[in-house]
Amino acid sequence: MESILRREVVLNKIILNTLGVTFFVIAITLSAFVRIPLPFTPVPLTLQTFFVLLSAAFLGLRLGIFTQLAYILLGVFGVPVFTGTLTGLVYLTQPTAGYLFGFVAAAIFVAGLIKYAKNNLFLIMAIFCFADFLLLFCGATWLKISLRITWLESIFIGFAPFLIGDILKASLAAILFWKLRPRIR
């Protein structure tokens with residue numbers, strides 16, 4: 001009887017993890033299409049960072065990274081999940097590809113530190129905001145490299161325009177995580 005219960009618990013955990021990853025991959029994909037193009041930058045405003053931060057916080061390090069990599073690989077294999085019209089490996093050479101790498105970096109940052117925040121909303125918000133800044137920095141760095149522009153230009157077109165919106169998204173994601181965390185664990 002005990003081995004049957006153990007198998008059921010393990011099976012339920014596998015199912016829950018699979019559902020969690022699937023949910024967040026779909027959420028990141030759908031939020032990519034909530035996009036507002038800006039005339040002075042190749043980078044649109046999207047809702048993706050909201051779900052990237054939440055996926056890492058809820059799923060943890062291993063599954064948070066796996067979620068981001070699954071999303072990226074879907075696009076690399078031709079599924080139209082990215083904000084632009086391109087798919088495949090060519091997308092990873094485009095100016096906005098650095099933000100995809102930033103998704104992974106932000107997931108590592110959030111998942112690695114969220115356990116220390118316990119139930120402190122301020123710390124959760126700080127972790128989410130700093131992870132978002134890391135994501136934006138990765139994107140701005142790739143913009144500098146791919147467009148061959150100065151650091152100042154890359155910050156102007158790839159970091160600064162997104163600060164207010166991303167602080168808002170990170171704060172809302174932190175509040176949602178803070179509210180839901182006790183019910184999920």
# chains A, B, ... in the order shown; residues from 1 in each chain; ligands from 1

$ residues_around --residues "Ile114 (chain A)" --least-positions-apart "6" --cutoff "8 Å" --atoms "only C-alpha atoms" --output "MDAnalysis selection string"
chainID A and resid 57 124 127

$ select_by_dssp --residues "region 47-151 of chain A" --states "helix (DSSP H, G or I)" --output "ChimeraX atom specification"
/A:48-76,89-93,97-117,121-147,151

$ write_last_selection --atoms "C-alpha atoms" --output "PDB file, in the first residue's frame"
ATOM      1  CA  GLN A  48       6.235  38.574 -21.134  1.00  0.00           C
ATOM      2  CA  THR A  49       8.367  39.688 -18.195  1.00  0.00           C
ATOM      3  CA  PHE A  50       5.337  39.396 -15.908  1.00  0.00           C
ATOM      4  CA  PHE A  51       5.072  35.660 -16.615  1.00  0.00           C
ATOM      5  CA  VAL A  52       8.824  35.037 -16.760  1.00  0.00           C
ATOM      6  CA  LEU A  53       9.159  36.322 -13.185  1.00  0.00           C
ATOM      7  CA  LEU A  54       6.144  34.387 -11.946  1.00  0.00           C
ATOM      8  CA  SER A  55       7.257  31.144 -13.587  1.00  0.00           C
ATOM      9  CA  ALA A  56      10.613  31.244 -11.799  1.00  0.00           C
ATOM     10  CA  ALA A  57       9.036  32.112  -8.454  1.00  0.00           C
ATOM     11  CA  PHE A  58       6.362  29.421  -8.595  1.00  0.00           C
ATOM     12  CA  LEU A  59       8.265  26.644 -10.362  1.00  0.00           C
ATOM     13  CA  GLY A  60      11.715  27.038  -8.817  1.00  0.00           C
ATOM     14  CA  LEU A  61      15.158  27.017 -10.377  1.00  0.00           C
ATOM     15  CA  ARG A  62      15.115  23.842 -12.455  1.00  0.00           C
ATOM     16  CA  LEU A  63      11.599  24.169 -13.839  1.00  0.00           C
ATOM     17  CA  GLY A  64      11.849  27.963 -14.142  1.00  0.00           C
ATOM     18  CA  ILE A  65      14.895  27.622 -16.389  1.00  0.00           C
ATOM     19  CA  PHE A  66      13.285  24.718 -18.237  1.00  0.00           C
ATOM     20  CA  THR A  67      10.204  26.875 -18.919  1.00  0.00           C
ATOM     21  CA  GLN A  68      12.289  29.640 -20.493  1.00  0.00           C
ATOM     22  CA  LEU A  69      14.354  27.192 -22.541  1.00  0.00           C
ATOM     23  CA  ALA A  70      11.200  25.374 -23.692  1.00  0.00           C
ATOM     24  CA  TYR A  71       9.738  28.689 -24.865  1.00  0.00           C
ATOM     25  CA  ILE A  72      12.947  29.608 -26.714  1.00  0.00           C
ATOM     26  CA  LEU A  73      13.276  26.140 -28.270  1.00  0.00           C
ATOM     27  CA  LEU A  74       9.694  26.219 -29.515  1.00  0.00           C
ATOM     28  CA  GLY A  75      10.555  29.384 -31.413  1.00  0.00           C
ATOM     29  CA  VAL A  76      13.853  27.979 -32.660  1.00  0.00           C
ATOM     30  CA  LEU A  89      17.568  30.012 -35.315  1.00  0.00           C
ATOM     31  CA  VAL A  90      17.634  33.260 -37.293  1.00  0.00           C
ATOM     32  CA  TYR A  91      15.579  34.896 -34.524  1.00  0.00           C
ATOM     33  CA  LEU A  92      18.485  34.404 -32.120  1.00  0.00           C
ATOM     34  CA  THR A  93      20.557  36.756 -34.288  1.00  0.00           C
ATOM     35  CA  ALA A  97      17.264  38.045 -28.914  1.00  0.00           C
ATOM     36  CA  GLY A  98      19.138  39.351 -25.876  1.00  0.00           C
ATOM     37  CA  TYR A  99      15.854  39.634 -24.025  1.00  0.00           C
ATOM     38  CA  LEU A 100      15.309  35.905 -24.525  1.00  0.00           C
ATOM     39  CA  PHE A 101      18.685  35.252 -22.914  1.00  0.00           C
ATOM     40  CA  GLY A 102      17.558  37.679 -20.219  1.00  0.00           C
ATOM     41  CA  PHE A 103      14.505  35.490 -19.569  1.00  0.00           C
ATOM     42  CA  VAL A 104      16.839  32.692 -18.491  1.00  0.00           C
ATOM     43  CA  ALA A 105      19.015  35.033 -16.399  1.00  0.00           C
ATOM     44  CA  ALA A 106      15.963  36.534 -14.670  1.00  0.00           C
ATOM     45  CA  ALA A 107      14.557  33.064 -13.969  1.00  0.00           C
ATOM     46  CA  ILE A 108      17.840  32.010 -12.342  1.00  0.00           C
ATOM     47  CA  PHE A 109      17.942  35.215 -10.271  1.00  0.00           C
ATOM     48  CA  VAL A 110      14.329  34.957  -9.036  1.00  0.00           C
ATOM     49  CA  ALA A 111      14.365  31.228  -8.357  1.00  0.00           C
ATOM     50  CA  GLY A 112      17.689  31.450  -6.545  1.00  0.00           C
ATOM     51  CA  LEU A 113      16.640  34.253  -4.210  1.00  0.00           C
ATOM     52  CA  ILE A 114      12.877  33.985  -3.728  1.00  0.00           C
ATOM     53  CA  LYS A 115      13.199  31.495  -0.862  1.00  0.00           C
ATOM     54  CA  TYR A 116      14.979  34.160   1.198  1.00  0.00           C
ATOM     55  CA  ALA A 117      12.090  36.595   0.852  1.00  0.00           C
ATOM     56  CA  LEU A 121       6.297  41.609   0.033  1.00  0.00           C
ATOM     57  CA  PHE A 122       8.982  44.303  -0.126  1.00  0.00           C
ATOM     58  CA  LEU A 123      11.749  41.714  -0.621  1.00  0.00           C
ATOM     59  CA  ILE A 124       9.710  39.846  -3.211  1.00  0.00           C
ATOM     60  CA  MET A 125       9.201  43.105  -5.124  1.00  0.00           C
ATOM     61  CA  ALA A 126      12.902  43.928  -4.876  1.00  0.00           C
ATOM     62  CA  ILE A 127      13.893  40.488  -6.187  1.00  0.00           C
ATOM     63  CA  PHE A 128      11.425  40.744  -9.077  1.00  0.00           C
ATOM     64  CA  CYS A 129      12.545  44.284  -9.955  1.00  0.00           C
ATOM     65  CA  PHE A 130      16.253  43.442  -9.890  1.00  0.00           C
ATOM     66  CA  ALA A 131      15.605  40.329 -11.981  1.00  0.00           C
ATOM     67  CA  ASP A 132      13.738  42.495 -14.462  1.00  0.00           C
ATOM     68  CA  PHE A 133      16.646  44.964 -14.580  1.00  0.00           C
ATOM     69  CA  LEU A 134      18.967  42.016 -15.273  1.00  0.00           C
ATOM     70  CA  LEU A 135      16.684  40.930 -18.105  1.00  0.00           C
ATOM     71  CA  LEU A 136      16.688  44.446 -19.560  1.00  0.00           C
ATOM     72  CA  PHE A 137      20.465  44.665 -19.216  1.00  0.00           C
ATOM     73  CA  CYS A 138      20.876  41.407 -21.171  1.00  0.00           C
ATOM     74  CA  GLY A 139      18.613  42.818 -23.872  1.00  0.00           C
ATOM     75  CA  ALA A 140      20.433  46.157 -24.008  1.00  0.00           C
ATOM     76  CA  THR A 141      23.794  44.379 -24.155  1.00  0.00           C
ATOM     77  CA  TRP A 142      22.673  42.300 -27.138  1.00  0.00           C
ATOM     78  CA  LEU A 143      21.287  45.429 -28.805  1.00  0.00           C
ATOM     79  CA  LYS A 144      24.705  47.063 -28.434  1.00  0.00           C
ATOM     80  CA  ILE A 145      26.437  44.057 -29.984  1.00  0.00           C
ATOM     81  CA  SER A 146      23.949  43.299 -32.765  1.00  0.00           C
ATOM     82  CA  LEU A 147      23.330  46.893 -33.854  1.00  0.00           C
ATOM     83  CA  TRP A 151      26.370  51.729 -24.550  1.00  0.00           C
TER      84      TRP A 151
END

$ closest_residue --among "A:Thr41, A:Asn12, A:Ser171, A:Thr87" --to "Gly158 (chain A)" --atoms "only C-alpha atoms"
A:Thr41

$ atom_distance --atom1 "CA of Leu38 (chain A)" --atom2 "CA of Phe177 (chain A)"
29.3 Å

$ closest_residue --among "A:Thr46, A:Asn120, A:Thr96, A:Thr150" --to "Asp166 (chain A)" --atoms "only C-alpha atoms"
A:Thr46

$ decode --residues "region 116-130 of chain A" --atoms "N, CA, C and O atoms" --output "short mmCIF file (atom, residue, chain, number, x, y, z; two decimals), in the first residue's frame"
data_model
loop_
_atom_site.label_atom_id
_atom_site.label_comp_id
_atom_site.auth_asym_id
_atom_site.auth_seq_id
_atom_site.Cartn_x
_atom_site.Cartn_y
_atom_site.Cartn_z
N TYR A 116 14.51 33.30 0.11
CA TYR A 116 14.98 34.16 1.20
C TYR A 116 13.99 35.28 1.52
O TYR A 116 14.07 35.90 2.58
N ALA A 117 13.07 35.53 0.63
CA ALA A 117 12.09 36.60 0.85
C ALA A 117 10.99 36.17 1.81
O ALA A 117 10.31 37.02 2.37
N LYS A 118 10.84 34.86 1.98
CA LYS A 118 9.78 34.30 2.81
C LYS A 118 8.44 34.93 2.43
O LYS A 118 8.01 34.81 1.31
N ASN A 119 7.80 35.64 3.33
CA ASN A 119 6.50 36.25 3.01
C ASN A 119 6.60 37.77 3.07
O ASN A 119 5.63 38.45 3.35
N ASN A 120 7.79 38.31 2.80
CA ASN A 120 8.03 39.74 2.86
C ASN A 120 7.78 40.35 1.47
O ASN A 120 8.59 40.18 0.55
N LEU A 121 6.68 41.05 1.33
CA LEU A 121 6.30 41.61 0.03
C LEU A 121 7.36 42.56 -0.52
O LEU A 121 7.65 42.54 -1.72
N PHE A 122 7.96 43.37 0.34
CA PHE A 122 8.98 44.30 -0.13
C PHE A 122 10.18 43.56 -0.74
O PHE A 122 10.67 43.94 -1.79
N LEU A 123 10.62 42.49 -0.08
CA LEU A 123 11.75 41.71 -0.62
C LEU A 123 11.38 41.01 -1.92
O LEU A 123 12.19 40.93 -2.84
N ILE A 124 10.17 40.49 -1.98
CA ILE A 124 9.71 39.85 -3.21
C ILE A 124 9.71 40.86 -4.35
O ILE A 124 10.20 40.58 -5.45
N MET A 125 9.20 42.06 -4.10
CA MET A 125 9.20 43.10 -5.12
C MET A 125 10.62 43.47 -5.54
O MET A 125 10.90 43.65 -6.72
N ALA A 126 11.51 43.58 -4.57
CA ALA A 126 12.90 43.93 -4.88
C ALA A 126 13.55 42.84 -5.74
O ALA A 126 14.23 43.15 -6.73
N ILE A 127 13.33 41.59 -5.40
CA ILE A 127 13.89 40.49 -6.19
C ILE A 127 13.35 40.52 -7.61
O ILE A 127 14.09 40.39 -8.58
N PHE A 128 12.04 40.70 -7.75
CA PHE A 128 11.42 40.74 -9.08
C PHE A 128 11.94 41.94 -9.88
O PHE A 128 12.24 41.81 -11.07
N CYS A 129 12.06 43.09 -9.24
CA CYS A 129 12.55 44.28 -9.96
C CYS A 129 14.00 44.12 -10.39
O CYS A 129 14.34 44.43 -11.54
N PHE A 130 14.85 43.63 -9.51
CA PHE A 130 16.25 43.44 -9.89
C PHE A 130 16.40 42.39 -10.99
O PHE A 130 17.22 42.53 -11.88
#
